[in-house]
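Have a look at the structure below before the remarks.
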Amino acid sequence: MDQLTLLFALLLGAVVSVPVGERLGLPAPVLMTVLGIVLALLEFVPNVDIPPDLILPLLLPPLLHAAVRRTSWRQFAANVRPILLLAVALVFVTMLCVAAVAHAIVPGLPLAAAVALGALVAPPDPVAATAVAGKLGLPRRLVSILEGEGLFNDVTAIVLYNVAIAAVVSGAFSPWEAGLDLVLSAVVAVAVGLALGWGANRLMDLLGDATLQIGLSLLVPYASYVLAEELHGSGVLAVLTTALFLVEYATDADDVMTRLAGHTFWDIVDTLVTGVAFGLVGLELHNAIRTASGRWTELLGWAAAIVGVVVVVRLLWLLPATWLTKRLHAARDTDEEIPVSWRETVVMWWAGMRGVASVALALAIPLETDAGDDFPGRSEIVFIAFGVIMATLLLQGLSLPWLVGRLGVRADTGREKQFEHDLAVRAAKAAKRRLREIEEVEELPEELSEQMLRSAFDIGVRISPDLAEDERREAHRQRARRLKRVRRIQREMLSAARHEVLAARSEAGADPEVVDRVLRHLDVRSLR
């Protein structure tokens, strides 16, 4: 098996793992990690030949962009306190605790190298949190906080990791310079993200075509990441800033085709890249196995100790942090979404899985220092890092669905239905307002005006049937049945038309481009 065949195997696994995971009740990323482990243990499967410094730039930008598309700036702003407590403060605390324990138990491991280990295992994986927690029917507030933590904690962890690696390689460290690097990295990243977001927004308006706009949306996250890194900023924060800008300002309510096609496109990208990313996590197991040759007992003991530190520190941090956030929330009238019970706090604790970023950072540790010596403790750091990744991803990822069911943590469907109902009312009122505005400038026949008024009402009822009174609800049901029948007949008519046009593609002298253009018009008509 060569590298290309291995890539296709991972892509196929990414597609198949989704329905298999739904049937087994297991997260698809965890299944892909298991597949990677199985492949890594097979002799005929080659080692992954990807430079470690390319793993993050290749995988993170599209994954982060896809995750941000499911949220909004308002949601981040409303949850800034819990996100900062998890994405910044908890990363610092975890890094320090891991560094202290690793420095104490691993003989000869310098403090700076221990800090690098702490930085690379500190951040829970944003992709794992979104892909796993988002499929379990958790309350939206928990998913929002987990998404925010996962998206922003890599920013802190990667900067701390770079500072620690630089200290080991150069043999010098200045806390003031480290703090300044952190601030400058964030400032540069935000500036790059805003500039590229604004530029991409303008360019999309000029392009106009949905295909070109979606193609540009794939390139922009990569451009944002690479440009920020070239300017010594945080590529992760730059991608997040660009994506949030585009989500807020690059949406045209009437651009239906681009929105539908873009949603489908990014679902495909998210599924494939997530599958490949977690497949690579499993495949890289061979690095840990090679490192542990003849030292299994010792290395497994160290890895187990660090796993314990990572898991326990998250719990011990979440309990007071949740209590503090509740107190601040009660004292101020805010829209902040916080865990409302100890059960939700336990779910948040157990959802702290490590993944792609930790793998990439572990593999990116230099082989030598500037003095030409071997990087101190590199093999031990790599093994411990993989131990933490595998233990948290497999143990927590496989048991999280069971834990959620056992604790009975579920989304507040009543609140969601009420919000859907309110939106349906707003949509119907907006349609009626527009009808009145049209009637002021145009003379509409009474029959047409009544028909349009019913249509405006139906806009809301189709979203939320509870809007209609009993009598009107029954009338709406009858109209809906009649409309369903009409649409069925229309679908069959359009299907016959499409078959006829498609058959013409094989006829002598037919122009395929003209056939495809006519077929596209029929497809768009079918969406109405």
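FYI, nothing fancy with the structure tokens labels: chains A, B, ... in order, residues from 1 per chain, ligands from 1 as they appear.
Near Leu435 (chain A), within 10 Å and counting only C-alpha atoms, sit Lys429, Ala430, Ala431, Lys432, Ile438, Glu439, Glu440, Ser449, Met452, Leu453 and Ala456 of chain A, not including residues fewer than 3 positions from it in the same chain.
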Practice task
Please identify all polymer residues within 10 Å of region 387-402 of chain A, counting only C-alpha atoms, omitting same-chain residues fewer than 5 positions from it, and present them as number ranges by chain.
Solution key: A: 25-31, 33-34, 37, 121-122, 124-125, 128-129, 132-133, 135-137, 278, 281-282, 285, 288, 299-300, 302-311, 347-356, 358-359, 381-382, 407-408
Fill in the blank from the handout: Expressed in Å, the length from CA of Ser379 (chain A) to CA of Glu284 (chain A) is 13.5 Å
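With CA of Leu519 (chain A) on one side and CA of His263 (chain A) on the other, the separation reads 21.6 Å.
Interatomic distance, CA of Val16 (chain A) against CA of Pro221 (chain A): 26.7 Å.
Compared by their closest atoms to Phe386 (chain A), and using only C-alpha atoms, the residues A:Ile489, A:Leu117, A:Leu180, A:Glu298 rank with A:Leu117 nearest.
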Identify, on the basis of only C-alpha atoms, every residue whose closest approach to Ser495 (chain A) does not exceed 12 Å; exclude the query and any residue fewer than 5 positions from it along the same chain; express the result as an mmCIF file with N, CA and C atoms, in the first residue's frame.
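Output (selection_30.cif):
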```
data_model
loop_
_atom_site.group_PDB
_atom_site.id
_atom_site.type_symbol
_atom_site.label_atom_id
_atom_site.label_comp_id
_atom_site.auth_asym_id
_atom_site.auth_seq_id
_atom_site.Cartn_x
_atom_site.Cartn_y
_atom_site.Cartn_z
ATOM 1 N N ARG A 487 -47.514 19.643 -5.542
ATOM 2 C CA ARG A 487 -46.058 19.568 -5.662
ATOM 3 C C ARG A 487 -45.602 18.194 -6.124
ATOM 4 N N ARG A 488 -46.315 17.148 -5.685
ATOM 5 C CA ARG A 488 -45.965 15.807 -6.169
ATOM 6 C C ARG A 488 -46.136 15.712 -7.680
ATOM 7 N N ILE A 489 -47.247 16.261 -8.157
ATOM 8 C CA ILE A 489 -47.487 16.234 -9.600
ATOM 9 C C ILE A 489 -46.446 17.073 -10.327
ATOM 10 N N GLN A 490 -46.129 18.253 -9.734
ATOM 11 C CA GLN A 490 -45.113 19.110 -10.351
ATOM 12 C C GLN A 490 -43.757 18.409 -10.380
ATOM 13 N N GLU A 500 -36.065 13.920 -20.247
ATOM 14 C CA GLU A 500 -36.061 14.208 -21.682
ATOM 15 C C GLU A 500 -34.839 15.039 -22.072
ATOM 16 N N VAL A 501 -34.540 16.078 -21.246
ATOM 17 C CA VAL A 501 -33.384 16.931 -21.537
ATOM 18 C C VAL A 501 -32.091 16.137 -21.402
ATOM 19 N N LEU A 502 -32.009 15.288 -20.378
ATOM 20 C CA LEU A 502 -30.799 14.495 -20.169
ATOM 21 C C LEU A 502 -30.592 13.495 -21.309
ATOM 22 N N LEU A 519 -30.713 21.955 -17.995
ATOM 23 C CA LEU A 519 -30.929 21.054 -16.862
ATOM 24 C C LEU A 519 -30.781 21.787 -15.535
ATOM 25 N N LEU A 522 -33.927 23.650 -14.769
ATOM 26 C CA LEU A 522 -34.950 22.742 -14.261
ATOM 27 C C LEU A 522 -34.669 22.340 -12.817
ATOM 28 N N ASP A 523 -33.379 22.135 -12.476
ATOM 29 C CA ASP A 523 -33.017 21.780 -11.100
ATOM 30 C C ASP A 523 -33.370 22.902 -10.135
ATOM 31 N N ARG A 525 -35.622 25.187 -10.587
ATOM 32 C CA ARG A 525 -37.086 25.234 -10.506
ATOM 33 C C ARG A 525 -37.610 24.182 -9.530
ATOM 34 N N SER A 526 -36.930 23.045 -9.469
ATOM 35 C CA SER A 526 -37.363 21.962 -8.581
ATOM 36 C C SER A 526 -37.205 22.325 -7.112
#
```
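Nearest residue to Arg140 (chain A) among A:Met1, A:Ala503, A:Thr211, A:Arg70 is A:Arg70, counting only C-alpha atoms.
Among A:Leu59, A:Val169, A:Val98, A:Ala178, the residue with the shortest atom-to-atom distance to Gly279 (chain A), counting only C-alpha atoms, is A:Leu59.
Among the candidates A:Ala113, A:Ala427, A:Leu56, A:Val88, the residue lying nearest to Ser170 (chain A) is A:Ala113 (atoms considered: only C-alpha atoms).
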Problem - Nearest to Glu368 (chain A) by atom-to-atom distance, counting only C-alpha atoms, from A:Ala228, A:Val168, A:Leu11, A:Ile158 - result: A:Val168
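Closest approach to Gly233 (chain A) from the set A:Ala167, A:Leu280, A:Val15, A:Val159 is made by A:Val159, with distances taken over only C-alpha atoms.
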Exercise for the section: Write out as a VMD selection string which residues come within 8 Å of Thr156 (chain A) when counting only C-alpha atoms, dropping same-chain ones fewer than 6 positions away. Expected result: chain A and resid 87 to 88 91 182
Dump N, CA and C atoms for the selected residues as a PDB file, in the first residue's frame?
```pdb
ATOM      1  N   ALA A  87     -10.656  28.482  27.803  1.00  0.00           N
ATOM      2  CA  ALA A  87      -9.737  28.516  26.660  1.00  0.00           C
ATOM      3  C   ALA A  87      -8.404  29.170  26.986  1.00  0.00           C
ATOM      4  N   VAL A  88      -8.362  30.012  28.005  1.00  0.00           N
ATOM      5  CA  VAL A  88      -7.106  30.681  28.349  1.00  0.00           C
ATOM      6  C   VAL A  88      -6.637  30.246  29.733  1.00  0.00           C
ATOM      7  N   VAL A  91      -6.088  26.410  30.152  1.00  0.00           N
ATOM      8  CA  VAL A  91      -4.906  25.969  29.402  1.00  0.00           C
ATOM      9  C   VAL A  91      -3.635  26.293  30.178  1.00  0.00           C
ATOM     10  N   LEU A 182       2.973  36.755  23.122  1.00  0.00           N
ATOM     11  CA  LEU A 182       1.574  36.347  23.187  1.00  0.00           C
ATOM     12  C   LEU A 182       0.657  37.484  22.748  1.00  0.00           C
TER      13      LEU A 182
END
```
